[in-house]
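Engineer: Could you have a look at this structure, given as structure tokens, before my questions?
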4 protein chains.
Amino acid sequence: MEKIKVGVIGASGYAGAELVRLLLSHPNVEIGGIYSRSYTGKPISDLYPGFQNVSYLVFDDEDSVIHNSDVIFASLPHGISEKYAKKCFDANKKFIDVGADFRLYDEEDYKEWYNLPYNEKELHKESVYGLSEIYKDKIKDASIIGNPGCYPTSVALAMYPILANTLQSDDHIIIDAKSGVTGAGKELSEGTHFPTINEGFHPYKVAQHRHTPEIEQSLSDFAKKDITVTFVPHLLPVNRGIISTIYCKVNPEITLEAIHKLYCDTYIDHKFVRVLPLEKVSDLKYVTYSNYCDISLHLDKRTNTLIVVSAIDNMVKGAAGQAIQNMNIMYGFEEDAGLNYIPPSF
Amino acid sequence: MEKIKVGVIGASGYAGAELVRLLLSHPNVEIGGIYSRSYTGKPISDLYPGFQNVSYLVFDDEDSVIHNSDVIFASLPHGISEKYAKKCFDANKKFIDVGADFRLYDEEDYKEWYNLPYNEKELHKESVYGLSEIYKDKIKDASIIGNPGCYPTSVALAMYPILANTLQSDDHIIIDAKSGVTGAGKELSEGTHFPTINEGFHPYKVAQHRHTPEIEQSLSDFAKKDITVTFVPHLLPVNRGIISTIYCKVNPEITLEAIHKLYCDTYIDHKFVRVLPLEKVSDLKYVTYSNYCDISLHLDKRTNTLIVVSAIDNMVKGAAGQAIQNMNIMYGFEEDAGLNYIPPSF
Amino acid sequence: MEKIKVGVIGASGYAGAELVRLLLSHPNVEIGGIYSRSYTGKPISDLYPGFQNVSYLVFDDEDSVIHNSDVIFASLPHGISEKYAKKCFDANKKFIDVGADFRLYDEEDYKEWYNLPYNEKELHKESVYGLSEIYKDKIKDASIIGNPGCYPTSVALAMYPILANTLQSDDHIIIDAKSGVTGAGKELSEGTHFPTINEGFHPYKVAQHRHTPEIEQSLSDFAKKDITVTFVPHLLPVNRGIISTIYCKVNPEITLEAIHKLYCDTYIDHKFVRVLPLEKVSDLKYVTYSNYCDISLHLDKRTNTLIVVSAIDNMVKGAAGQAIQNMNIMYGFEEDAGLNYIPPSF
Amino acid sequence: MEKIKVGVIGASGYAGAELVRLLLSHPNVEIGGIYSRSYTGKPISDLYPGFQNVSYLVFDDEDSVIHNSDVIFASLPHGISEKYAKKCFDANKKFIDVGADFRLYDEEDYKEWYNLPYNEKELHKESVYGLSEIYKDKIKDASIIGNPGCYPTSVALAMYPILANTLQSDDHIIIDAKSGVTGAGKELSEGTHFPTINEGFHPYKVAQHRHTPEIEQSLSDFAKKDITVTFVPHLLPVNRGIISTIYCKVNPEITLEAIHKLYCDTYIDHKFVRVLPLEKVSDLKYVTYSNYCDISLHLDKRTNTLIVVSAIDNMVKGAAGQAIQNMNIMYGFEEDAGLNYIPPSF
């Protein structure tokens, strides 16, 4: 089979480097080039020694990367990727934005939470929100993908069956999420200095995190009505992974068994979503380094509160892995091509 | 000043050993003896080498320990401490139960959650729930103390000002709690094997944890009405500490500033409860190894949800420290005697 | 291409489960069966939930596993695998022992360090020590492989170029090694309880570890003379990986550059051994989950001491990975088949 | 008893903040002021929230701090403390330098390893190397103390009995040391970013660390002859603590029991040095947060190599704790005043 050419813009950050790592093992692609503002001319193995003797890729200039690629992944701070999307769109190349700029359909939401306007309004009309399992049909034909954020992925997959079937009895949902430190990126900060994090634990951006409108956009779309969330992320002293513990009031007549069956049925053809048997709980341990999203279901009958616990690797299903899954869908590759790594368990 | 004699029953477990460690530095006490079913005759430094050359205490038989002590701390699995309480009570000695057997006032709750009856019903009438800051007046004159559980301590201190002032707009409260692994005790188990926990994270006993009725007992007592909770604990890959993130609906007219002032006023004379300035968040890092309970306050105005985040060291304020604080109250010592360790921050 | 059938005896332990995990992704094999004394009839995903929805393998009885397989891997406590080796040998099947029983050529060494005799002396004459890079030629034709221990692998690859070229000026070598906790296995113990290990660090079996004679066997074979080692392993609070820091006196006239060139030349055709550029240091971080062995070289000119630092993943290159590499060599597969995972770097 | 006034210059770094924390609980001192170049006017609890509600100390200007104090501790990067030492000396105040500038008696060593000259040569003649247990008599009367580095403390206490009694058979000693990340300070760097360190492990500055001449100075002084060391530090993924594993050839006729007795005798009157019983091993776990130095002894009879393993908390016995111990000696306080914290063991 002929291979397509892929480029990575912003390949020096964690999500970008993870894209490169996964793409290097993908059977249907070849890397057309990688770009990072600050490292042109440097080999990627200088930044990430895991690549040593494995890949001799060197950071190239952005135009060459785009020119040499059929599809371009961008992993950049918000506010920057529109210009790359434009270049790619104009050159008739697919663009998958792993950053935040193409996730919100409503410009007002983006303005409110990111303090920036959309400059290329037309492009945003072209773009599709890339939650692979749910929006597969739209993704197939898209030329621009807004790849979901890590927290929103873990929440949307966990809540889709409930909301799409209107089983919630209250449209306010509480999300207590916990993420590993790679979620904070490669940038140095007081908050990610080892002695600060290690043996510590705390919430941050309480009810103010920018993933809030993205989560509400998905949940409301599933429910066909406005869903509001209280979203509180925490920083875990681990490298990778997100656990979202989600609290949702449900109608008293529904049983946990019925809910479990609904989840199993919903995801039966989606290998990356694993609905755990009842009595089991989702754990970071069994998804890290893989593209799986594990979901466990629990019902507090005393209060009619459904508790959904989802686990993903923030770098894989929460970023690079799902981006590749979207590429696979766009190009008609096997949906799991390059994504078959089995989580190590220890 | 003359010193009182203290004994520790169950001194080989984590909470028991922490009691010994803290009591050894307490200015008003002397250790009358320590007991542990399995280690009679062994020095405690064999089990906990931190004591080496510091304490030459040897595990003694239970009767000697009780005989040689004015006050006895018991740190035992549930269902065992009544007989020690009886012995102590009959011998006119104070008894502080760090375990679960004297926490629930209603025997029906104990039967439901622990599957055991109360054998010494009279004793339970004598016992006082030892949440130091809130029940100080009763603790003063008690001869038996049911020392609060770790999670219930972190929740009750966090919610007292709200509920005692009826600021909640819903009597169902969601508690998402996270504990370090010492909370699971010294007993070996698959679930606390290093490679299982390290780089992992997961909830456990979802909405089924035995601390649920204890939490509801306190919150309902504060509110003077029934409060129900959905309580979901998680296991953190750290040694010590609990963060409880608590979600409570409040009336829309109340401001975060007013709530903050209420908390500050409530705890102004209680040095171990630190209400953080607004915008700060509680973090394990700044309470571990100390008797402090940090509380941070956050309001999701979009949904009228108050988020209270409390942090304690599960071994200190959540067990041994609060037990000593109760002893200090009972004997009229300085409330912070032996408990003045400043948290290290790194 | 037709696939061979592989069986795993002792598949419930860490090394066994890692074998299963890696073999499931191997392009040239199919799993003929897995066996574990205590779990017959249970799915492996019950023990290791990472396998959920990925593999439905169930632990089978030992005879079926052997019968259904062309090559059998055994990962067992010492003293047990001879009987499986015999069964396989008699049935004309290849046998790769990941445990300790076929590593020492001299029965006296085995008796001294393991307190057991060899019962099947003839089998030991058939067996080959499976240090893939060094003994490839013998491995090719072997029917029984004694797969090297984790520490010995990290040391032998690190010291081969020096000793094979007689650059050492003293035949006593000091090895200060540090291993992650999976090296201690799945068995529960005080020493691997999370709160004991986390934030702790200590040596163990100082100068008494059973890998000592295995290390000396290799080093002496390389040097064509007796090499003695002082070997001190330590337990690191991480899941995976070994760093061996090795101190070896060298002749004063040799330069670090010359040594570096020798290492590069020696391993030029061995992709899994990565000789790092001068000035770089080996780090667990860049080899974990992969089959790579990183080697960095340092010279203390003040004392003519060469310091070689090697890094491997104890579960992969130190166990399951090298075992598969040996199978690849035995069957003429690509040497890296099934072993191409790129280390994540974060 | 009247209290002395103490000042801390450089109180914003880890060692400085640890000094403040320990001094706040010291029975014989009062804090005269704290200084840090970048934080004048800020409360220390802003930087280290553990101090919240505990200490209201605010960073003051340097002259006030010196003026208000009887003894001044300085914890600064190298090359800066001479000027403070001068000011203090001229004002007739004691000066304890926790940094590197007063540790090396020989200016040539300082020049070689720190690339700077001594500007205040007279002051260096006044200063005493503050290894408390060994140089107590000189410390008593000193007005300037060069407080030992963390690694040098762990090595010197471990090797003093051997070298002072000339039991070594080779004057080259190998030191393989491992330190927690607080040793790298509060300054942000790639190398101390959480995802880089966590689940990683590696040596650094191999045979080039600046503590090398300081270690050799002490060991040579003990031995009354030149001792050279190969010193290789590693970075452990823990917050605190140093383990030094030290390899020293000894005469074949000496027994481990004799060496053990010698160590016990040497340190019998020094409570902070704990010589462990034979068969036990030193572990970070049992010294962290305390001023103890644990030493375990092991003999590889096959090679006549003595292995001494020492454990300290780098922030306490390796910095702030020993500095306070020196102050105690200088002022005739109890040597352990303010330093009696019992290590937690978990």
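Ligands are numbered from 1 in the order shown, residues from 1 within each chain, and chains are lettered A, B, ... in the order they appear in the structure tokens.
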Using DSSP assignments from the backbone, pull out every residue in stretch 77-195 of chain C that falls under helix (DSSP H, G or I) and give it to me as a PyMOL selection string.
Structural biologist: chain C and resi 81-90+107-114+121-126+132-140+150-164+181-184+190-192+194-195
Engineer: Write to file, as a PDB file, in the first residue's frame, the residues of the selection just made, with C-alpha atoms.
Structural biologist:
ATOM      1  CA  SER C  81      11.793 -25.242  35.282  1.00  0.00           C
ATOM      2  CA  GLU C  82      13.975 -28.295  34.687  1.00  0.00           C
ATOM      3  CA  LYS C  83      10.928 -30.538  34.521  1.00  0.00           C
ATOM      4  CA  TYR C  84       9.323 -28.343  31.889  1.00  0.00           C
ATOM      5  CA  ALA C  85      12.578 -28.170  29.974  1.00  0.00           C
ATOM      6  CA  LYS C  86      12.714 -31.972  29.987  1.00  0.00           C
ATOM      7  CA  LYS C  87       9.158 -32.327  28.747  1.00  0.00           C
ATOM      8  CA  CYS C  88       9.798 -29.855  25.962  1.00  0.00           C
ATOM      9  CA  PHE C  89      13.155 -31.307  25.028  1.00  0.00           C
ATOM     10  CA  ASP C  90      11.716 -34.812  24.852  1.00  0.00           C
ATOM     11  CA  GLU C 107      26.588 -26.723  38.585  1.00  0.00           C
ATOM     12  CA  GLU C 108      28.818 -25.840  41.530  1.00  0.00           C
ATOM     13  CA  ASP C 109      27.895 -22.184  41.153  1.00  0.00           C
ATOM     14  CA  TYR C 110      24.216 -23.093  41.104  1.00  0.00           C
ATOM     15  CA  LYS C 111      24.605 -25.252  44.194  1.00  0.00           C
ATOM     16  CA  GLU C 112      26.447 -22.518  46.061  1.00  0.00           C
ATOM     17  CA  TRP C 113      24.063 -19.675  45.283  1.00  0.00           C
ATOM     18  CA  TYR C 114      20.745 -21.492  44.898  1.00  0.00           C
ATOM     19  CA  LYS C 121      22.551 -32.625  33.830  1.00  0.00           C
ATOM     20  CA  GLU C 122      22.258 -33.575  30.175  1.00  0.00           C
ATOM     21  CA  LEU C 123      19.837 -30.733  29.516  1.00  0.00           C
ATOM     22  CA  HIS C 124      22.253 -28.214  30.927  1.00  0.00           C
ATOM     23  CA  LYS C 125      24.813 -29.305  28.356  1.00  0.00           C
ATOM     24  CA  GLU C 126      22.298 -28.493  25.639  1.00  0.00           C
ATOM     25  CA  SER C 132      21.467 -12.074  22.418  1.00  0.00           C
ATOM     26  CA  GLU C 133      24.047  -9.633  21.112  1.00  0.00           C
ATOM     27  CA  ILE C 134      27.048 -11.596  22.300  1.00  0.00           C
ATOM     28  CA  TYR C 135      26.094 -15.219  21.850  1.00  0.00           C
ATOM     29  CA  LYS C 136      23.915 -14.932  18.768  1.00  0.00           C
ATOM     30  CA  ASP C 137      25.698 -17.714  16.903  1.00  0.00           C
ATOM     31  CA  LYS C 138      25.171 -20.282  19.604  1.00  0.00           C
ATOM     32  CA  ILE C 139      21.611 -19.153  20.257  1.00  0.00           C
ATOM     33  CA  LYS C 140      20.681 -19.785  16.635  1.00  0.00           C
ATOM     34  CA  CYS C 150      17.985  -8.444  34.397  1.00  0.00           C
ATOM     35  CA  TYR C 151      21.039  -7.172  36.285  1.00  0.00           C
ATOM     36  CA  PRO C 152      23.443  -9.491  34.412  1.00  0.00           C
ATOM     37  CA  THR C 153      22.126  -8.251  31.060  1.00  0.00           C
ATOM     38  CA  SER C 154      22.706  -4.634  32.025  1.00  0.00           C
ATOM     39  CA  VAL C 155      26.224  -5.397  33.241  1.00  0.00           C
ATOM     40  CA  ALA C 156      27.372  -7.783  30.530  1.00  0.00           C
ATOM     41  CA  LEU C 157      26.430  -5.509  27.636  1.00  0.00           C
ATOM     42  CA  ALA C 158      28.087  -2.612  29.449  1.00  0.00           C
ATOM     43  CA  MET C 159      31.381  -4.433  30.030  1.00  0.00           C
ATOM     44  CA  TYR C 160      31.821  -6.647  26.992  1.00  0.00           C
ATOM     45  CA  PRO C 161      33.894  -4.223  24.880  1.00  0.00           C
ATOM     46  CA  ILE C 162      36.297  -3.460  27.725  1.00  0.00           C
ATOM     47  CA  LEU C 163      36.892  -7.018  28.820  1.00  0.00           C
ATOM     48  CA  ALA C 164      36.941  -8.628  25.384  1.00  0.00           C
ATOM     49  CA  VAL C 181      10.137  -2.534  41.959  1.00  0.00           C
ATOM     50  CA  THR C 182       8.698  -4.846  39.280  1.00  0.00           C
ATOM     51  CA  GLY C 183      12.060  -6.593  39.596  1.00  0.00           C
ATOM     52  CA  ALA C 184      10.855  -7.892  42.949  1.00  0.00           C
ATOM     53  CA  GLU C 190       6.658  -5.797  53.402  1.00  0.00           C
ATOM     54  CA  GLY C 191       9.465  -4.575  51.214  1.00  0.00           C
ATOM     55  CA  THR C 192       7.210  -3.797  48.254  1.00  0.00           C
ATOM     56  CA  PHE C 194       3.686   1.131  48.668  1.00  0.00           C
ATOM     57  CA  PRO C 195       4.312   3.271  51.771  1.00  0.00           C
TER      58      PRO C 195
END
Engineer: Give the residues of chain C that lie within 6 Å of chain A; count only C-alpha atoms, and format the answer as a CSV table (one decimal) with N, CA, C and O atoms, in the first residue's frame.
Structural biologist:
chain,number,residue,atom,x,y,z
C,48,TYR,N,-4.6,-8.9,35.0
C,48,TYR,CA,-4.0,-7.8,34.4
C,48,TYR,C,-5.0,-7.1,33.5
C,48,TYR,O,-5.2,-7.4,32.3
C,49,PRO,N,-5.8,-6.2,34.1
C,49,PRO,CA,-6.9,-5.5,33.4
C,49,PRO,C,-6.5,-4.8,32.1
C,49,PRO,O,-7.4,-4.4,31.3
C,50,GLY,N,-5.2,-4.5,32.0
C,50,GLY,CA,-4.8,-3.9,30.7
C,50,GLY,C,-5.2,-4.8,29.5
C,50,GLY,O,-5.3,-4.3,28.4
C,286,TYR,N,14.5,6.9,29.2
C,286,TYR,CA,14.6,6.8,27.8
C,286,TYR,C,14.7,5.4,27.2
C,286,TYR,O,14.9,5.1,26.1
C,343,PRO,N,10.7,4.1,23.1
C,343,PRO,CA,10.5,4.5,24.4
C,343,PRO,C,9.8,5.9,24.5
C,343,PRO,O,10.2,6.8,23.7
C,345,SER,N,9.8,8.6,26.5
C,345,SER,CA,10.5,9.8,26.9
C,345,SER,C,9.8,10.6,28.0
C,345,SER,O,10.4,11.4,28.7
Engineer: Which distance in Å separates atom CA of D:Val65 and atom CA of D:Ser36, to one decimal?
Structural biologist: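 Here the two named atoms are 10.3 Å from each other.
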Engineer: Write out as a list in words each polymer residue whose atoms come within 6 Å of C:Thr245, counting only C-alpha atoms; drop sequence neighbours fewer than 3 positions from it.
Structural biologist: Ile175, Asp176, Ala177, Val308 and Val309 of chain C
Engineer: Compile the contact shell of D:Glu279 as a PDB file with C-alpha atoms, in the first residue's frame: residues with an atom at most 12 Å away, counting only C-alpha atoms, same-chain residues fewer than 2 positions apart removed.
Structural biologist:
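Listed below is the output, around.pdb:
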ATOM      1  CA  PRO C 203      20.402  -1.323  48.876  1.00  0.00           C
ATOM      2  CA  TYR C 204      19.529  -4.970  49.500  1.00  0.00           C
ATOM      3  CA  LYS C 205      21.367  -8.298  49.503  1.00  0.00           C
ATOM      4  CA  VAL C 206      24.576  -6.276  49.610  1.00  0.00           C
ATOM      5  CA  ALA C 207      27.335  -8.319  47.930  1.00  0.00           C
ATOM      6  CA  GLN C 208      25.116 -11.401  48.301  1.00  0.00           C
TER       7      GLN C 208
ATOM      8  CA  LEU D 256      32.993  -7.082  59.828  1.00  0.00           C
ATOM      9  CA  GLU D 257      32.239  -7.501  63.520  1.00  0.00           C
ATOM     10  CA  HIS D 260      31.021  -2.649  63.407  1.00  0.00           C
ATOM     11  CA  VAL D 275      25.197   2.765  63.417  1.00  0.00           C
ATOM     12  CA  LEU D 276      22.684   0.106  62.415  1.00  0.00           C
ATOM     13  CA  PRO D 277      22.920  -3.470  63.690  1.00  0.00           C
ATOM     14  CA  VAL D 281      20.605  -1.632  55.626  1.00  0.00           C
ATOM     15  CA  SER D 282      20.326   2.131  55.657  1.00  0.00           C
ATOM     16  CA  ILE D 295      25.129   3.968  58.669  1.00  0.00           C
ATOM     17  CA  SER D 296      25.041   0.308  57.702  1.00  0.00           C
ATOM     18  CA  LEU D 297      28.129  -1.839  57.204  1.00  0.00           C
ATOM     19  CA  HIS D 298      28.679  -4.699  54.782  1.00  0.00           C
ATOM     20  CA  LEU D 299      31.750  -6.686  53.829  1.00  0.00           C
ATOM     21  CA  VAL D 309      25.911   2.782  53.232  1.00  0.00           C
TER      22      VAL D 309
END
Engineer: With distances taken over only C-alpha atoms, which residue among C:Cys264, C:Val316, C:Leu104, C:Ile174 lies nearest D:Asp300?
Structural biologist: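 With only C-alpha atoms as the atom set, the closest residue is C:Ile174.
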Engineer: Give me, as a count of residues only, the residues of stretch 121-345 of chain C that a backbone DSSP run labels strand (DSSP E or B).
Structural biologist: 54
Engineer: Would you mind reading off the distance between atom CA of C:Thr230 and atom CA of D:Ile307, one decimal, in Å?
Structural biologist: 9.3 Å
Engineer: Fewer than 5 positions away in the same chain doesn't count, so skip those; otherwise give me all residues within 10 Å of D:Phe201, counting only C-alpha atoms, as number ranges by chain.
Structural biologist: C: 178-180, 236-238, 241-243, 282-286, 311; D: 178, 196, 234-237
Engineer: Can you spit out the residues from that selection as a short mmCIF file (atom, residue, chain, number, x, y, z; two decimals), in the first residue's frame, using all heavy atoms?
Structural biologist:
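Wrote out_18.cif, looks like this:
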data_model
loop_
_atom_site.label_atom_id
_atom_site.label_comp_id
_atom_site.auth_asym_id
_atom_site.auth_seq_id
_atom_site.Cartn_x
_atom_site.Cartn_y
_atom_site.Cartn_z
N LYS C 178 20.71 -0.32 40.37
CA LYS C 178 19.46 0.18 40.94
C LYS C 178 18.32 -0.31 40.07
O LYS C 178 18.31 -0.04 38.87
CB LYS C 178 19.46 1.71 40.97
CG LYS C 178 20.62 2.36 41.72
CD LYS C 178 21.84 2.64 40.84
CE LYS C 178 22.97 3.31 41.58
NZ LYS C 178 24.20 3.40 40.74
N SER C 179 17.35 -0.95 40.70
CA SER C 179 16.25 -1.53 39.94
C SER C 179 14.90 -1.02 40.39
O SER C 179 14.67 -0.76 41.58
CB SER C 179 16.25 -3.05 40.10
OG SER C 179 15.08 -3.62 39.52
N GLY C 180 13.96 -0.91 39.46
CA GLY C 180 12.57 -0.63 39.78
C GLY C 180 11.93 -1.81 40.47
O GLY C 180 12.47 -2.92 40.49
N LEU C 236 14.76 1.02 43.62
CA LEU C 236 14.31 2.38 43.25
C LEU C 236 12.80 2.50 43.37
O LEU C 236 12.08 1.59 42.97
CB LEU C 236 14.63 2.64 41.78
CG LEU C 236 15.99 3.13 41.37
CD1 LEU C 236 16.04 3.18 39.85
CD2 LEU C 236 16.27 4.52 41.93
N PRO C 237 12.30 3.65 43.82
CA PRO C 237 10.85 3.85 43.88
C PRO C 237 10.26 4.19 42.50
O PRO C 237 9.66 5.25 42.32
CB PRO C 237 10.69 5.00 44.87
CG PRO C 237 11.97 5.77 44.76
CD PRO C 237 13.03 4.78 44.40
N VAL C 238 10.46 3.31 41.54
CA VAL C 238 9.86 3.42 40.21
C VAL C 238 9.38 2.02 39.84
O VAL C 238 9.79 1.04 40.45
CB VAL C 238 10.86 3.93 39.14
CG1 VAL C 238 11.48 5.25 39.56
CG2 VAL C 238 11.94 2.90 38.86
N GLY C 241 12.83 -0.62 35.23
CA GLY C 241 14.11 -0.12 34.78
C GLY C 241 15.24 -0.44 35.72
O GLY C 241 15.05 -0.57 36.94
N ILE C 242 16.42 -0.60 35.12
CA ILE C 242 17.65 -0.81 35.88
C ILE C 242 18.70 0.16 35.37
O ILE C 242 18.86 0.32 34.16
CB ILE C 242 18.17 -2.25 35.70
CG1 ILE C 242 17.31 -3.24 36.49
CG2 ILE C 242 19.63 -2.38 36.11
CD1 ILE C 242 17.69 -4.68 36.31
N ILE C 243 19.37 0.80 36.30
CA ILE C 243 20.61 1.53 35.99
C ILE C 243 21.74 0.79 36.70
O ILE C 243 21.68 0.58 37.91
CB ILE C 243 20.56 2.99 36.51
CG1 ILE C 243 19.60 3.85 35.69
CG2 ILE C 243 21.95 3.61 36.53
CD1 ILE C 243 20.13 4.37 34.37
N SER C 282 23.14 7.85 30.59
CA SER C 282 22.02 6.93 30.49
C SER C 282 20.98 7.27 31.54
O SER C 282 21.32 7.69 32.64
CB SER C 282 22.50 5.49 30.71
OG SER C 282 23.42 5.13 29.73
N ASP C 283 19.72 7.10 31.19
CA ASP C 283 18.62 7.42 32.09
C ASP C 283 17.52 6.39 31.84
O ASP C 283 17.19 6.10 30.69
CB ASP C 283 18.10 8.84 31.78
CG ASP C 283 17.08 9.35 32.79
OD1 ASP C 283 16.34 8.55 33.38
OD2 ASP C 283 17.03 10.58 32.97
N LEU C 284 16.95 5.87 32.91
CA LEU C 284 15.80 4.95 32.80
C LEU C 284 14.75 5.46 31.85
O LEU C 284 14.14 4.72 31.08
CB LEU C 284 15.08 4.82 34.15
CG LEU C 284 15.70 4.04 35.26
CD1 LEU C 284 14.66 3.80 36.32
CD2 LEU C 284 16.26 2.74 34.73
N LYS C 285 14.47 6.75 32.02
CA LYS C 285 13.40 7.45 31.30
C LYS C 285 13.36 7.12 29.81
O LYS C 285 12.29 7.16 29.21
CB LYS C 285 13.71 8.94 31.48
CG LYS C 285 12.68 9.86 31.00
CD LYS C 285 11.85 10.42 32.11
CE LYS C 285 10.52 9.83 32.22
NZ LYS C 285 9.78 10.22 33.40
N TYR C 286 14.53 6.90 29.21
CA TYR C 286 14.59 6.80 27.76
C TYR C 286 14.68 5.37 27.25
O TYR C 286 14.89 5.14 26.06
CB TYR C 286 15.72 7.68 27.23
CG TYR C 286 15.56 9.09 27.74
CD1 TYR C 286 16.49 9.68 28.59
CD2 TYR C 286 14.41 9.81 27.42
CE1 TYR C 286 16.28 10.95 29.09
CE2 TYR C 286 14.19 11.08 27.93
CZ TYR C 286 15.14 11.65 28.77
OH TYR C 286 14.93 12.89 29.28
N ALA C 311 21.49 1.35 31.04
CA ALA C 311 20.06 1.46 31.40
C ALA C 311 19.27 0.48 30.55
O ALA C 311 19.43 0.44 29.32
CB ALA C 311 19.57 2.88 31.14
N LYS D 178 23.24 8.90 45.78
CA LYS D 178 21.94 9.12 45.18
C LYS D 178 21.19 10.14 46.02
O LYS D 178 21.02 9.95 47.22
CB LYS D 178 21.14 7.82 45.15
CG LYS D 178 21.79 6.67 44.41
CD LYS D 178 22.66 5.80 45.34
CE LYS D 178 23.30 4.64 44.60
NZ LYS D 178 24.29 3.91 45.47
N THR D 196 10.11 14.71 33.73
CA THR D 196 11.48 14.27 33.42
C THR D 196 12.03 13.36 34.52
O THR D 196 12.75 12.40 34.25
CB THR D 196 12.41 15.51 33.29
OG1 THR D 196 11.80 16.47 32.45
CG2 THR D 196 13.77 15.12 32.75
N HIS D 234 23.78 10.59 41.69
CA HIS D 234 22.61 10.27 40.86
C HIS D 234 21.41 11.03 41.41
O HIS D 234 21.37 11.39 42.59
CB HIS D 234 22.28 8.78 40.91
CG HIS D 234 23.35 7.84 40.47
ND1 HIS D 234 24.53 7.66 41.17
CD2 HIS D 234 23.42 6.99 39.41
CE1 HIS D 234 25.28 6.76 40.55
NE2 HIS D 234 24.63 6.33 39.50
N LEU D 235 20.41 11.22 40.57
CA LEU D 235 19.21 11.94 40.98
C LEU D 235 18.04 10.96 41.16
O LEU D 235 17.60 10.32 40.21
CB LEU D 235 18.84 13.00 39.94
CG LEU D 235 18.03 14.20 40.42
CD1 LEU D 235 18.61 14.83 41.67
CD2 LEU D 235 17.95 15.25 39.32
N LEU D 236 17.56 10.86 42.39
CA LEU D 236 16.47 9.94 42.73
C LEU D 236 15.12 10.63 42.58
O LEU D 236 14.97 11.79 42.96
CB LEU D 236 16.56 9.55 44.21
CG LEU D 236 17.46 8.43 44.66
CD1 LEU D 236 17.43 8.37 46.18
CD2 LEU D 236 16.96 7.11 44.08
N PRO D 237 14.10 9.91 42.11
CA PRO D 237 12.76 10.50 42.03
C PRO D 237 12.04 10.51 43.37
O PRO D 237 10.97 9.95 43.54
CB PRO D 237 12.05 9.59 41.01
CG PRO D 237 12.72 8.27 41.15
CD PRO D 237 14.15 8.56 41.54
#
Engineer: So how many Å separate atom CA of C:Ala258 and atom CA of C:Ile246, to one decimal?
Structural biologist: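 About the pair atom CA of C:Ala258 and atom CA of C:Ile246: they are 18.2 Å apart.
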Engineer: Pick out the residues sitting within 9 Å of A:Arg103, and hand them over as JSON, numbers by chain; count only C-alpha atoms, and ignore anything fewer than 3 positions along from it in its own chain.
Structural biologist: {"A": [97, 99, 100, 110, 127, 128, 129, 130, 145, 146, 147, 148, 149, 214]}
Engineer: Kindly export the residues of the current selection with C-alpha atoms, as a PDB file, in the first residue's frame.
Structural biologist:
ATOM      1  CA  ASP A  97      -5.451  20.704  15.076  1.00  0.00           C
ATOM      2  CA  GLY A  99      -4.663  22.489  20.039  1.00  0.00           C
ATOM      3  CA  ALA A 100      -7.730  24.413  21.178  1.00  0.00           C
ATOM      4  CA  TYR A 110     -13.961  31.087  22.203  1.00  0.00           C
ATOM      5  CA  SER A 127     -13.887  22.179  10.690  1.00  0.00           C
ATOM      6  CA  VAL A 128     -15.294  19.157  12.476  1.00  0.00           C
ATOM      7  CA  TYR A 129     -14.945  18.339  16.172  1.00  0.00           C
ATOM      8  CA  GLY A 130     -12.973  15.130  16.162  1.00  0.00           C
ATOM      9  CA  ILE A 145     -10.365  18.628  12.461  1.00  0.00           C
ATOM     10  CA  GLY A 146     -10.537  20.260  15.876  1.00  0.00           C
ATOM     11  CA  ASN A 147      -9.122  17.415  17.921  1.00  0.00           C
ATOM     12  CA  PRO A 148     -10.830  17.243  21.346  1.00  0.00           C
ATOM     13  CA  GLY A 149      -9.106  18.297  24.538  1.00  0.00           C
ATOM     14  CA  GLU A 214     -15.931  22.432  25.134  1.00  0.00           C
TER      15      GLU A 214
END
